[in-house]
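Structure data (mmCIF, C-alpha atoms, pLDDT in the B column; chains and numbers go by the auth columns) from entry_19.cif:
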```cif
data_protein
#
loop_
_atom_site.group_PDB
_atom_site.id
_atom_site.type_symbol
_atom_site.label_atom_id
_atom_site.label_comp_id
_atom_site.label_asym_id
_atom_site.label_seq_id
_atom_site.Cartn_x
_atom_site.Cartn_y
_atom_site.Cartn_z
_atom_site.B_iso_or_equiv
_atom_site.auth_seq_id
_atom_site.auth_asym_id
ATOM 1 C CA MET A 1 -97.925 -99.117 29.725 47.00 179 A
ATOM 2 C CA THR A 2 -96.286 -101.462 32.235 47.00 180 A
ATOM 3 C CA ASN A 3 -95.548 -104.029 29.555 48.00 181 A
ATOM 4 C CA SER A 4 -94.009 -101.403 27.273 50.00 182 A
ATOM 5 C CA VAL A 5 -91.807 -100.089 30.079 44.00 183 A
ATOM 6 C CA GLU A 6 -90.633 -103.607 30.941 48.00 184 A
ATOM 7 C CA ALA A 7 -89.882 -104.298 27.275 47.00 185 A
ATOM 8 C CA THR A 8 -87.876 -101.067 27.063 50.00 186 A
ATOM 9 C CA ASP A 9 -85.906 -101.973 30.210 50.00 187 A
ATOM 10 C CA CYS A 10 -85.158 -105.446 28.849 51.00 188 A
ATOM 11 C CA SER A 11 -83.957 -104.089 25.527 52.00 189 A
ATOM 12 C CA SER A 12 -81.754 -101.501 27.264 52.00 190 A
ATOM 13 C CA ASN A 13 -80.278 -104.180 29.514 52.00 191 A
ATOM 14 C CA GLU A 14 -79.533 -106.368 26.497 51.00 192 A
ATOM 15 C CA ALA A 15 -77.845 -103.441 24.758 49.00 193 A
ATOM 16 C CA LYS A 16 -75.710 -102.804 27.835 50.00 194 A
ATOM 17 C CA LEU A 17 -74.668 -106.463 27.956 45.00 195 A
ATOM 18 C CA GLN A 18 -73.736 -106.345 24.290 50.00 196 A
ATOM 19 C CA ASP A 19 -71.712 -103.162 24.792 51.00 197 A
ATOM 20 C CA GLU A 20 -69.764 -104.689 27.675 59.00 198 A
ATOM 21 C CA GLU A 21 -66.363 -106.029 26.676 63.00 199 A
ATOM 22 C CA PRO A 22 -65.629 -109.705 27.257 67.00 200 A
ATOM 23 C CA PRO A 23 -63.335 -110.537 30.181 74.00 201 A
ATOM 24 C CA TRP A 24 -59.610 -110.007 29.630 68.00 202 A
ATOM 25 C CA PRO A 25 -58.710 -113.744 29.391 73.00 203 A
ATOM 26 C CA SER A 26 -61.049 -114.085 26.414 76.00 204 A
ATOM 27 C CA ARG A 27 -59.657 -110.948 24.777 74.00 205 A
ATOM 28 C CA PHE A 28 -56.069 -112.090 25.383 76.00 206 A
ATOM 29 C CA THR A 29 -56.758 -115.547 23.938 83.00 207 A
ATOM 30 C CA SER A 30 -58.471 -114.028 20.915 81.00 208 A
ATOM 31 C CA GLN A 31 -55.541 -111.687 20.306 83.00 209 A
ATOM 32 C CA LEU A 32 -53.108 -114.597 20.541 84.00 210 A
ATOM 33 C CA ARG A 33 -55.099 -116.569 17.969 84.00 211 A
ATOM 34 C CA GLU A 34 -55.268 -113.635 15.589 85.00 212 A
ATOM 35 C CA GLY A 35 -51.572 -112.913 16.030 84.00 213 A
ATOM 36 C CA TYR A 36 -50.635 -116.507 15.287 82.00 214 A
ATOM 37 C CA LYS A 37 -52.834 -116.580 12.194 79.00 215 A
ATOM 38 C CA ALA A 38 -51.206 -113.413 10.874 76.00 216 A
ATOM 39 C CA HIS A 39 -47.625 -114.536 11.583 79.00 217 A
ATOM 40 C CA SER A 40 -47.903 -118.331 11.709 79.00 218 A
ATOM 41 C CA LEU A 41 -44.953 -118.957 9.361 76.00 219 A
ATOM 42 C CA LEU A 42 -42.521 -116.742 11.285 83.00 220 A
ATOM 43 C CA ILE A 43 -43.678 -118.025 14.674 88.00 221 A
ATOM 44 C CA SER A 44 -43.404 -121.655 13.567 86.00 222 A
ATOM 45 C CA MET A 45 -39.915 -121.104 12.156 86.00 223 A
ATOM 46 C CA VAL A 46 -38.667 -119.418 15.326 91.00 224 A
ATOM 47 C CA ALA A 47 -40.234 -122.140 17.492 92.00 225 A
ATOM 48 C CA SER A 48 -38.608 -124.844 15.364 90.00 226 A
ATOM 49 C CA ILE A 49 -35.186 -123.187 15.625 91.00 227 A
ATOM 50 C CA ILE A 50 -35.486 -122.860 19.404 94.00 228 A
ATOM 51 C CA LEU A 51 -36.648 -126.453 19.747 92.00 229 A
ATOM 52 C CA ALA A 52 -33.810 -127.671 17.525 91.00 230 A
ATOM 53 C CA TYR A 53 -31.317 -125.745 19.672 91.00 231 A
ATOM 54 C CA VAL A 54 -32.751 -127.062 22.928 93.00 232 A
ATOM 55 C CA TYR A 55 -33.053 -130.693 21.819 92.00 233 A
ATOM 56 C CA PRO A 56 -31.298 -131.412 18.482 91.00 234 A
ATOM 57 C CA PRO A 57 -31.973 -135.178 18.393 91.00 235 A
ATOM 58 C CA LEU A 58 -35.713 -134.561 17.990 87.00 236 A
ATOM 59 C CA GLY A 59 -35.361 -133.296 14.436 85.00 237 A
ATOM 60 C CA ALA A 60 -32.067 -134.933 13.554 84.00 238 A
ATOM 61 C CA HIS A 61 -33.034 -138.494 14.489 86.00 239 A
ATOM 62 C CA TYR A 62 -36.497 -139.091 15.905 87.00 240 A
ATOM 63 C CA LEU A 63 -38.425 -137.303 13.147 85.00 241 A
ATOM 64 C CA HIS A 64 -36.384 -139.065 10.440 87.00 242 A
ATOM 65 C CA PRO A 65 -35.758 -135.936 8.320 86.00 243 A
ATOM 66 C CA LYS A 66 -34.442 -137.922 5.343 85.00 244 A
ATOM 67 C CA ILE A 67 -37.953 -139.317 4.997 87.00 245 A
ATOM 68 C CA THR A 68 -40.267 -136.697 6.480 85.00 246 A
ATOM 69 C CA SER A 69 -38.702 -133.435 5.262 81.00 247 A
ATOM 70 C CA THR A 70 -37.100 -134.739 2.080 81.00 248 A
ATOM 71 C CA TRP A 71 -39.994 -136.835 0.803 87.00 249 A
ATOM 72 C CA VAL A 72 -43.238 -136.731 2.792 88.00 250 A
ATOM 73 C CA SER A 73 -43.545 -132.973 3.329 86.00 251 A
ATOM 74 C CA VAL A 74 -42.523 -132.057 -0.227 84.00 252 A
ATOM 75 C CA MET A 75 -44.883 -134.602 -1.797 87.00 253 A
ATOM 76 C CA LEU A 76 -47.730 -133.484 0.467 88.00 254 A
ATOM 77 C CA MET A 77 -47.222 -129.826 -0.499 84.00 255 A
ATOM 78 C CA PHE A 78 -47.350 -130.633 -4.202 86.00 256 A
ATOM 79 C CA ILE A 79 -50.446 -132.816 -3.782 89.00 257 A
ATOM 80 C CA ILE A 80 -52.151 -129.884 -2.035 86.00 258 A
ATOM 81 C CA SER A 81 -50.958 -127.523 -4.779 85.00 259 A
ATOM 82 C CA GLY A 82 -52.368 -129.883 -7.400 87.00 260 A
ATOM 83 C CA LEU A 83 -55.682 -129.948 -5.550 86.00 261 A
ATOM 84 C CA CYS A 84 -55.968 -126.175 -5.142 84.00 262 A
ATOM 85 C CA ILE A 85 -54.565 -124.854 -8.421 86.00 263 A
ATOM 86 C CA LYS A 86 -56.583 -125.215 -11.598 85.00 264 A
ATOM 87 C CA THR A 87 -54.946 -126.758 -14.629 87.00 265 A
ATOM 88 C CA GLU A 88 -55.678 -123.612 -16.629 89.00 266 A
ATOM 89 C CA GLU A 89 -53.748 -121.522 -14.096 88.00 267 A
ATOM 90 C CA LEU A 90 -50.720 -123.825 -14.347 87.00 268 A
ATOM 91 C CA SER A 91 -50.908 -123.655 -18.121 88.00 269 A
ATOM 92 C CA GLN A 92 -51.012 -119.848 -18.055 91.00 270 A
ATOM 93 C CA ALA A 93 -48.052 -119.758 -15.642 89.00 271 A
ATOM 94 C CA SER A 94 -45.998 -121.981 -17.953 87.00 272 A
ATOM 95 C CA HIS A 95 -46.627 -119.622 -20.888 90.00 273 A
ATOM 96 C CA ARG A 96 -45.298 -116.549 -19.055 90.00 274 A
ATOM 97 C CA MET A 97 -41.854 -117.058 -20.514 89.00 275 A
ATOM 98 C CA GLY A 98 -40.502 -113.585 -19.756 92.00 276 A
ATOM 99 C CA PHE A 99 -41.384 -113.863 -16.095 91.00 277 A
ATOM 100 C CA ASN A 100 -40.088 -117.433 -15.771 91.00 278 A
ATOM 101 C CA ILE A 101 -36.780 -116.635 -17.464 92.00 279 A
ATOM 102 C CA PHE A 102 -36.311 -113.574 -15.250 94.00 280 A
ATOM 103 C CA VAL A 103 -36.949 -115.616 -12.075 92.00 281 A
ATOM 104 C CA GLN A 104 -34.448 -118.306 -13.041 93.00 282 A
ATOM 105 C CA PHE A 105 -31.879 -115.765 -14.244 94.00 283 A
ATOM 106 C CA PHE A 106 -32.126 -113.849 -10.976 94.00 284 A
ATOM 107 C CA ASN A 107 -31.950 -116.985 -8.809 93.00 285 A
ATOM 108 C CA TYR A 108 -28.982 -118.505 -10.606 93.00 286 A
ATOM 109 C CA VAL A 109 -26.961 -115.661 -12.136 93.00 287 A
ATOM 110 C CA VAL A 110 -27.652 -112.510 -10.119 95.00 288 A
ATOM 111 C CA VAL A 111 -27.612 -114.170 -6.696 95.00 289 A
ATOM 112 C CA SER A 112 -24.518 -116.247 -7.419 95.00 290 A
ATOM 113 C CA LEU A 113 -22.633 -113.247 -8.845 95.00 291 A
ATOM 114 C CA VAL A 114 -23.398 -111.128 -5.784 95.00 292 A
ATOM 115 C CA VAL A 115 -22.296 -113.921 -3.444 95.00 293 A
ATOM 116 C CA MET A 116 -19.177 -114.579 -5.534 94.00 294 A
ATOM 117 C CA VAL A 117 -18.052 -110.943 -5.375 95.00 295 A
ATOM 118 C CA PHE A 118 -18.952 -110.611 -1.693 95.00 296 A
ATOM 119 C CA SER A 119 -17.131 -113.820 -0.731 94.00 297 A
ATOM 120 C CA ARG A 120 -13.976 -112.773 -2.604 93.00 298 A
ATOM 121 C CA LEU A 121 -14.007 -109.440 -0.756 95.00 299 A
ATOM 122 C CA LEU A 122 -14.247 -111.277 2.563 93.00 300 A
ATOM 123 C CA ILE A 123 -11.292 -113.437 1.553 93.00 301 A
ATOM 124 C CA ALA A 124 -9.293 -110.340 0.569 94.00 302 A
ATOM 125 C CA VAL A 125 -9.720 -108.803 4.033 93.00 303 A
ATOM 126 C CA ASP A 126 -8.984 -112.157 5.757 90.00 304 A
ATOM 127 C CA PHE A 127 -12.475 -112.352 7.223 90.00 305 A
ATOM 128 C CA LEU A 128 -13.345 -115.790 5.790 89.00 306 A
ATOM 129 C CA PRO A 129 -11.234 -118.820 4.958 93.00 307 A
ATOM 130 C CA GLN A 130 -11.198 -119.978 1.342 91.00 308 A
ATOM 131 C CA SER A 131 -13.174 -123.138 2.072 91.00 309 A
ATOM 132 C CA LEU A 132 -16.076 -121.326 3.733 93.00 310 A
ATOM 133 C CA ALA A 133 -16.200 -118.689 0.994 92.00 311 A
ATOM 134 C CA ASP A 134 -16.285 -121.410 -1.668 92.00 312 A
ATOM 135 C CA GLY A 135 -19.100 -123.080 0.236 93.00 313 A
ATOM 136 C CA MET A 136 -21.098 -119.852 0.113 93.00 314 A
ATOM 137 C CA VAL A 137 -20.616 -119.684 -3.649 93.00 315 A
ATOM 138 C CA ILE A 138 -21.703 -123.291 -4.142 92.00 316 A
ATOM 139 C CA CYS A 139 -24.846 -122.709 -2.062 92.00 317 A
ATOM 140 C CA SER A 140 -25.692 -119.614 -4.114 93.00 318 A
ATOM 141 C CA CYS A 141 -25.562 -121.704 -7.302 92.00 319 A
ATOM 142 C CA LEU A 142 -28.183 -124.160 -6.059 90.00 320 A
ATOM 143 C CA PRO A 143 -31.854 -123.803 -7.018 89.00 321 A
ATOM 144 C CA VAL A 144 -34.216 -122.453 -4.396 84.00 322 A
ATOM 145 C CA THR A 145 -35.822 -125.338 -2.529 81.00 323 A
ATOM 146 C CA VAL A 146 -39.258 -126.238 -3.832 76.00 324 A
ATOM 147 C CA SER A 147 -40.729 -126.276 -0.339 75.00 325 A
ATOM 148 C CA MET A 148 -39.630 -122.725 0.490 80.00 326 A
ATOM 149 C CA ILE A 149 -40.928 -121.377 -2.817 85.00 327 A
ATOM 150 C CA LEU A 150 -44.401 -122.748 -2.107 80.00 328 A
ATOM 151 C CA VAL A 151 -44.461 -121.858 1.588 79.00 329 A
ATOM 152 C CA LEU A 152 -43.281 -118.261 1.166 82.00 330 A
ATOM 153 C CA THR A 153 -45.492 -117.594 -1.861 85.00 331 A
ATOM 154 C CA THR A 154 -48.579 -118.980 -0.149 77.00 332 A
ATOM 155 C CA SER A 155 -47.920 -117.113 3.095 76.00 333 A
ATOM 156 C CA SER A 156 -47.590 -113.836 1.187 79.00 334 A
ATOM 157 C CA ASN A 157 -50.752 -114.460 -0.882 80.00 335 A
ATOM 158 C CA GLY A 158 -48.711 -114.654 -4.074 84.00 336 A
ATOM 159 C CA ASP A 159 -49.379 -116.438 -7.351 87.00 337 A
ATOM 160 C CA ASP A 160 -49.421 -120.127 -6.391 87.00 338 A
ATOM 161 C CA ALA A 161 -49.466 -121.355 -9.989 89.00 339 A
ATOM 162 C CA ALA A 162 -46.407 -119.269 -10.898 90.00 340 A
ATOM 163 C CA ALA A 163 -44.638 -120.509 -7.759 89.00 341 A
ATOM 164 C CA VAL A 164 -45.338 -124.158 -8.570 89.00 342 A
ATOM 165 C CA PHE A 165 -44.060 -123.791 -12.120 90.00 343 A
ATOM 166 C CA ALA A 166 -40.982 -121.857 -10.959 90.00 344 A
ATOM 167 C CA ALA A 167 -40.236 -124.526 -8.358 88.00 345 A
ATOM 168 C CA VAL A 168 -40.522 -127.393 -10.834 87.00 346 A
ATOM 169 C CA PHE A 169 -38.696 -125.599 -13.628 90.00 347 A
ATOM 170 C CA GLY A 170 -35.952 -124.393 -11.281 89.00 348 A
ATOM 171 C CA ALA A 171 -35.371 -127.843 -9.831 86.00 349 A
ATOM 172 C CA LEU A 172 -35.108 -129.369 -13.290 86.00 350 A
ATOM 173 C CA THR A 173 -32.817 -126.702 -14.752 88.00 351 A
ATOM 174 C CA GLY A 174 -30.633 -126.735 -11.656 88.00 352 A
ATOM 175 C CA THR A 175 -29.527 -130.232 -12.564 85.00 353 A
ATOM 176 C CA PHE A 176 -27.688 -128.764 -15.549 87.00 354 A
ATOM 177 C CA VAL A 177 -27.054 -125.128 -14.556 91.00 355 A
ATOM 178 C CA THR A 178 -25.588 -125.606 -11.067 90.00 356 A
ATOM 179 C CA PRO A 179 -22.561 -127.757 -12.089 89.00 357 A
ATOM 180 C CA GLY A 180 -21.699 -125.261 -14.836 89.00 358 A
ATOM 181 C CA LEU A 181 -21.871 -122.302 -12.461 91.00 359 A
ATOM 182 C CA VAL A 182 -19.749 -124.026 -9.814 91.00 360 A
ATOM 183 C CA LEU A 183 -17.148 -124.955 -12.431 88.00 361 A
ATOM 184 C CA THR A 184 -17.101 -121.391 -13.779 90.00 362 A
ATOM 185 C CA TYR A 185 -16.773 -119.702 -10.399 91.00 363 A
ATOM 186 C CA ILE A 186 -14.380 -121.915 -8.440 88.00 364 A
ATOM 187 C CA GLY A 187 -13.216 -124.515 -10.953 84.00 365 A
ATOM 188 C CA VAL A 188 -14.664 -127.520 -9.119 77.00 366 A
ATOM 189 C CA LYS A 189 -16.142 -130.371 -11.106 72.00 367 A
ATOM 190 C CA GLY A 190 -18.905 -132.526 -9.730 68.00 368 A
ATOM 191 C CA ASN A 191 -20.267 -135.858 -10.843 73.00 369 A
ATOM 192 C CA ILE A 192 -24.059 -135.830 -10.947 74.00 370 A
ATOM 193 C CA ASP A 193 -26.178 -138.809 -11.848 76.00 371 A
ATOM 194 C CA ILE A 194 -28.646 -136.833 -13.955 78.00 372 A
ATOM 195 C CA ILE A 195 -30.978 -139.775 -14.549 85.00 373 A
ATOM 196 C CA ARG A 196 -31.219 -140.484 -10.828 86.00 374 A
ATOM 197 C CA VAL A 197 -31.841 -136.822 -10.023 82.00 375 A
ATOM 198 C CA LEU A 198 -34.590 -136.541 -12.639 84.00 376 A
ATOM 199 C CA ILE A 199 -36.265 -139.706 -11.348 89.00 377 A
ATOM 200 C CA LYS A 200 -36.242 -138.359 -7.773 87.00 378 A
ATOM 201 C CA LEU A 201 -37.648 -135.019 -8.903 85.00 379 A
ATOM 202 C CA SER A 202 -40.359 -136.766 -10.880 88.00 380 A
ATOM 203 C CA ILE A 203 -41.396 -138.857 -7.872 90.00 381 A
ATOM 204 C CA ARG A 204 -41.188 -136.039 -5.330 89.00 382 A
ATOM 205 C CA VAL A 205 -42.605 -133.176 -7.403 86.00 383 A
ATOM 206 C CA LEU A 206 -44.254 -134.091 -10.704 89.00 384 A
ATOM 207 C CA LEU A 207 -46.107 -137.219 -9.563 92.00 385 A
ATOM 208 C CA PRO A 208 -47.747 -135.599 -6.487 91.00 386 A
ATOM 209 C CA LEU A 209 -48.710 -132.574 -8.581 90.00 387 A
ATOM 210 C CA LEU A 210 -50.262 -134.867 -11.185 92.00 388 A
ATOM 211 C CA VAL A 211 -52.133 -136.831 -8.502 92.00 389 A
ATOM 212 C CA GLY A 212 -53.581 -133.597 -7.092 90.00 390 A
ATOM 213 C CA GLN A 213 -54.653 -132.436 -10.547 90.00 391 A
ATOM 214 C CA LEU A 214 -56.329 -135.765 -11.341 92.00 392 A
ATOM 215 C CA LEU A 215 -58.181 -135.804 -8.012 89.00 393 A
ATOM 216 C CA GLN A 216 -59.344 -132.244 -8.626 86.00 394 A
ATOM 217 C CA LYS A 217 -60.684 -133.074 -12.089 86.00 395 A
ATOM 218 C CA PHE A 218 -62.123 -136.560 -11.748 86.00 396 A
ATOM 219 C CA TYR A 219 -63.047 -137.007 -8.073 83.00 397 A
ATOM 220 C CA ALA A 220 -65.989 -134.760 -7.227 79.00 398 A
ATOM 221 C CA PRO A 221 -65.736 -134.903 -3.387 83.00 399 A
ATOM 222 C CA THR A 222 -62.258 -133.432 -3.671 80.00 400 A
ATOM 223 C CA GLN A 223 -63.656 -130.196 -5.099 76.00 401 A
ATOM 224 C CA ASP A 224 -66.073 -129.828 -2.186 77.00 402 A
ATOM 225 C CA PHE A 225 -63.290 -130.551 0.310 79.00 403 A
ATOM 226 C CA VAL A 226 -60.973 -127.971 -1.242 75.00 404 A
ATOM 227 C CA ALA A 227 -63.732 -125.358 -1.384 75.00 405 A
ATOM 228 C CA GLU A 228 -64.559 -125.920 2.288 77.00 406 A
ATOM 229 C CA HIS A 229 -60.982 -126.017 3.590 70.00 407 A
ATOM 230 C CA ARG A 230 -59.161 -123.742 1.110 69.00 408 A
ATOM 231 C CA LYS A 231 -57.904 -121.378 3.809 66.00 409 A
ATOM 232 C CA SER A 232 -56.561 -124.246 5.902 65.00 410 A
ATOM 233 C CA LEU A 233 -54.874 -125.833 2.899 63.00 411 A
ATOM 234 C CA LYS A 234 -53.078 -122.568 2.188 62.00 412 A
#
```

Could you write out this structure as structure tokens?
Amino acid sequence: MTNSVEATDCSSNEAKLQDEEPPWPSRFTSQLREGYKAHSLLISMVASIILAYVYPPLGAHYLHPKITSTWVSVMLMFIISGLCIKTEELSQASHRMGFNIFVQFFNYVVVSLVVMVFSRLLIAVDFLPQSLADGMVICSCLPVTVSMILVLTTSSNGDDAAAVFAAVFGALTGTFVTPGLVLTYIGVKGNIDIIRVLIKLSIRVLLPLLVGQLLQKFYAPTQDFVAEHRKSLK
């Protein structure tokens, strides 16, 4: 009887300990971690903007943005995309012609038309100077940056394969579409070295994507690494 009573007391004490909440510092730290995981993109963007405002030389000079943001980060994102996305998924995304045409049409035509009309209205009411309004129109004619397409799609749990194809296809078509749109809207001609642009896009986008695909297919440890760290890679 004594042993059974002691066992019952021990089990009840263990249940009480389990029911007790952890101390508030642990709860607060856990909530911070969960909050950052849920909103990591927004928090990181706000922190970067604040840091850039407080100390501009950090990003403008010391981090060498012409190398890190223009080349290293973009190439790294496409290598990761090549590692995580199956070739079959990329192939299926490339065959969704209706969707791909709609995305490019919206990005180039719809967005630029809205900005064109809006900017002319601002000029008419003397709210913007002509030069700034024309700058808005030119920006609206540019393709969406490949890095933002991948980052925003991944953070929203979207279709990564469709995003990769849209990014590549948009960057390539922008070489030809953007000058035509700018000329149509504001009558400004621009000289673009198409061969140079295509070479840069191939090195920054297509080559890293190909490297990731080849590693995924022919280097077995890569598959295990991706399977183990898929959430972190996203």

How many Å lie between CA of Val324 in chain A and CA of Lys215 in chain A, rounded to one decimal?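 Computed distance, CA of Val324 in chain A to CA of Lys215 in chain A, equals 23.1 Å.
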
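Restricting the calculation to all atoms listed in the file, the smallest distance between Phe283 in chain A and any of A:Ile221, A:Ile372, A:Cys319, A:Leu385 is found for A:Cys319.
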
Between A:Gly276, A:Val252, A:Met326, A:Ile258, which residue has the minimum interatomic distance to Leu379 in chain A, considering all atoms listed in the file? A:Val252

Distance CA of Val342 in chain A-CA of Glu267 in chain A, one decimal place? 10.4 Å

Between A:Val281, A:Leu310, A:Leu388, A:Leu236, which residue has the minimum interatomic distance to Met294 in chain A, considering only C-alpha atoms?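 Smallest separation from Met294 in chain A among the options: A:Leu310.
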
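One finds CA of Thr248 in chain A at 20.3 Å from CA of Val224 in chain A.
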
Sort by chain and increasing residue number a table of all residues of range 262-343 of chain A within 7 Å of range 347-353 of chain A, each with its closest pair of atoms and their distance in Å to one decimal, counting only C-alpha atoms, and write it as CSV.
```
residue,atom,partner,partner_atom,distance
A:Gln282,CA,A:Gly348,CA,6.5
A:Leu320,CA,A:Gly352,CA,6.6
A:Pro321,CA,A:Gly352,CA,5.6
A:Phe343,CA,A:Phe347,CA,5.9
```

How would you write, as a list in words, the residues chosen by the PyMOL selection byres ((chain A and resi 398-403) around 12) on this structure? Ile257, Ile258, Gly260, Leu261, Cys262, Ile263, Lys264, Val389, Gly390, Gln391, Leu392, Leu393, Gln394, Lys395, Phe396, Tyr397, Val404, Ala405, Glu406, His407, Arg408, Lys409, Ser410 and Leu411 of chain A

Nearest candidate to Leu359 in chain A (options A:Leu299, A:Met255, A:Ile227, A:Ile316; using all atoms listed in the file):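 With all atoms listed in the file as the atom set, the closest residue is A:Ile316.
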
So which residues get picked by the PyMOL selection byres ((chain A and resi 315) around 8) here, written as a PyMOL selection string? chain A and resi 290+293-294+297+311-314+316-319+360+363

Near Leu220 in chain A, counting only C-alpha atoms, which residues have an atom at most 12 Å away, once you skip same-chain residues fewer than 4 positions from it, shown as a ChimeraX atom specification? /A:213-216,224-227,329-330,333-334

Can you report as lines of an AutoDock Vina configuration file the centre and edge lengths in Å, to one decimal, of an axis-aligned box around the listed atoms of range 392-397 of chain A padded with 8 Å on each side?
```
center_x = -59.7
center_y = -134.6
center_z = -10.1
size_x = 22.7
size_y = 20.8
size_z = 20.1
```

Would you please work out which residue, of A:Val355, A:Ile377, A:Ala340, A:Ile370, is nearest to Ala271 in chain A when using all atoms listed in the file?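 The shortest atom-to-atom distance to Ala271 in chain A comes from A:Ala340.
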
With all heavy atoms as the goal, would you fill in the gaps in range 201-207 of chain A and present it as a PDB file, in the coordinates of the input?
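Dumped everything to out.pdb:
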```pdb
ATOM      1  N   PRO A 201     -64.413-110.564  29.183  1.00 74.00           N
ATOM      2  CA  PRO A 201     -63.335-110.537  30.181  1.00 74.00           C
ATOM      3  C   PRO A 201     -61.965-110.624  29.517  1.00 74.00           C
ATOM      4  O   PRO A 201     -61.821-111.136  28.412  1.00 74.00           O
ATOM      5  CB  PRO A 201     -63.630-111.780  31.036  1.00 74.00           C
ATOM      6  CG  PRO A 201     -64.522-112.636  30.203  1.00 74.00           C
ATOM      7  CD  PRO A 201     -65.314-111.700  29.347  1.00 74.00           C
ATOM      8  N   TRP A 202     -60.950-110.119  30.226  1.00 68.00           N
ATOM      9  CA  TRP A 202     -59.610-110.007  29.630  1.00 68.00           C
ATOM     10  C   TRP A 202     -59.020-111.349  29.199  1.00 68.00           C
ATOM     11  O   TRP A 202     -58.290-111.385  28.195  1.00 68.00           O
ATOM     12  CB  TRP A 202     -58.670-109.263  30.573  1.00 68.00           C
ATOM     13  CG  TRP A 202     -58.243-110.059  31.791  1.00 68.00           C
ATOM     14  CD1 TRP A 202     -58.798-110.029  33.018  1.00 68.00           C
ATOM     15  CD2 TRP A 202     -57.150-110.977  31.850  1.00 68.00           C
ATOM     16  NE1 TRP A 202     -58.153-110.879  33.870  1.00 68.00           N
ATOM     17  CE2 TRP A 202     -57.121-111.474  33.180  1.00 68.00           C
ATOM     18  CE3 TRP A 202     -56.206-111.432  30.955  1.00 68.00           C
ATOM     19  CZ2 TRP A 202     -56.187-112.405  33.610  1.00 68.00           C
ATOM     20  CZ3 TRP A 202     -55.265-112.363  31.378  1.00 68.00           C
ATOM     21  CH2 TRP A 202     -55.249-112.839  32.689  1.00 68.00           C
ATOM     22  N   PRO A 203     -59.283-112.480  29.899  1.00 73.00           N
ATOM     23  CA  PRO A 203     -58.710-113.744  29.391  1.00 73.00           C
ATOM     24  C   PRO A 203     -59.214-114.090  27.990  1.00 73.00           C
ATOM     25  O   PRO A 203     -58.446-114.568  27.141  1.00 73.00           O
ATOM     26  CB  PRO A 203     -59.159-114.782  30.424  1.00 73.00           C
ATOM     27  CG  PRO A 203     -59.412-114.005  31.666  1.00 73.00           C
ATOM     28  CD  PRO A 203     -59.967-112.698  31.188  1.00 73.00           C
ATOM     29  N   SER A 204     -60.492-113.803  27.736  1.00 76.00           N
ATOM     30  CA  SER A 204     -61.049-114.085  26.414  1.00 76.00           C
ATOM     31  C   SER A 204     -60.435-113.171  25.363  1.00 76.00           C
ATOM     32  O   SER A 204     -60.096-113.605  24.262  1.00 76.00           O
ATOM     33  CB  SER A 204     -62.569-113.908  26.426  1.00 76.00           C
ATOM     34  OG  SER A 204     -63.170-114.796  27.330  1.00 76.00           O
ATOM     35  N   ARG A 205     -60.265-111.885  25.713  1.00 74.00           N
ATOM     36  CA  ARG A 205     -59.657-110.948  24.777  1.00 74.00           C
ATOM     37  C   ARG A 205     -58.213-111.332  24.487  1.00 74.00           C
ATOM     38  O   ARG A 205     -57.754-111.279  23.345  1.00 74.00           O
ATOM     39  CB  ARG A 205     -59.714-109.521  25.334  1.00 74.00           C
ATOM     40  CG  ARG A 205     -61.113-108.973  25.541  1.00 74.00           C
ATOM     41  CD  ARG A 205     -61.088-107.447  25.631  1.00 74.00           C
ATOM     42  NE  ARG A 205     -60.135-106.986  26.624  1.00 74.00           N
ATOM     43  CZ  ARG A 205     -60.407-106.821  27.926  1.00 74.00           C
ATOM     44  NH1 ARG A 205     -61.636-107.099  28.379  1.00 74.00           N
ATOM     45  NH2 ARG A 205     -59.492-106.374  28.750  1.00 74.00           N
ATOM     46  N   PHE A 206     -57.472-111.722  25.538  1.00 76.00           N
ATOM     47  CA  PHE A 206     -56.069-112.090  25.383  1.00 76.00           C
ATOM     48  C   PHE A 206     -55.935-113.338  24.506  1.00 76.00           C
ATOM     49  O   PHE A 206     -55.091-113.388  23.598  1.00 76.00           O
ATOM     50  CB  PHE A 206     -55.452-112.337  26.757  1.00 76.00           C
ATOM     51  CG  PHE A 206     -54.002-112.707  26.703  1.00 76.00           C
ATOM     52  CD1 PHE A 206     -53.040-111.771  26.343  1.00 76.00           C
ATOM     53  CD2 PHE A 206     -53.595-114.001  26.995  1.00 76.00           C
ATOM     54  CE1 PHE A 206     -51.705-112.105  26.296  1.00 76.00           C
ATOM     55  CE2 PHE A 206     -52.252-114.346  26.942  1.00 76.00           C
ATOM     56  CZ  PHE A 206     -51.296-113.396  26.600  1.00 76.00           C
ATOM     57  N   THR A 207     -56.794-114.320  24.743  1.00 83.00           N
ATOM     58  CA  THR A 207     -56.758-115.547  23.938  1.00 83.00           C
ATOM     59  C   THR A 207     -57.093-115.262  22.487  1.00 83.00           C
ATOM     60  O   THR A 207     -56.464-115.786  21.563  1.00 83.00           O
ATOM     61  CB  THR A 207     -57.748-116.586  24.500  1.00 83.00           C
ATOM     62  OG1 THR A 207     -57.457-116.827  25.876  1.00 83.00           O
ATOM     63  CG2 THR A 207     -57.652-117.892  23.729  1.00 83.00           C
TER      64      THR A 207
END
```
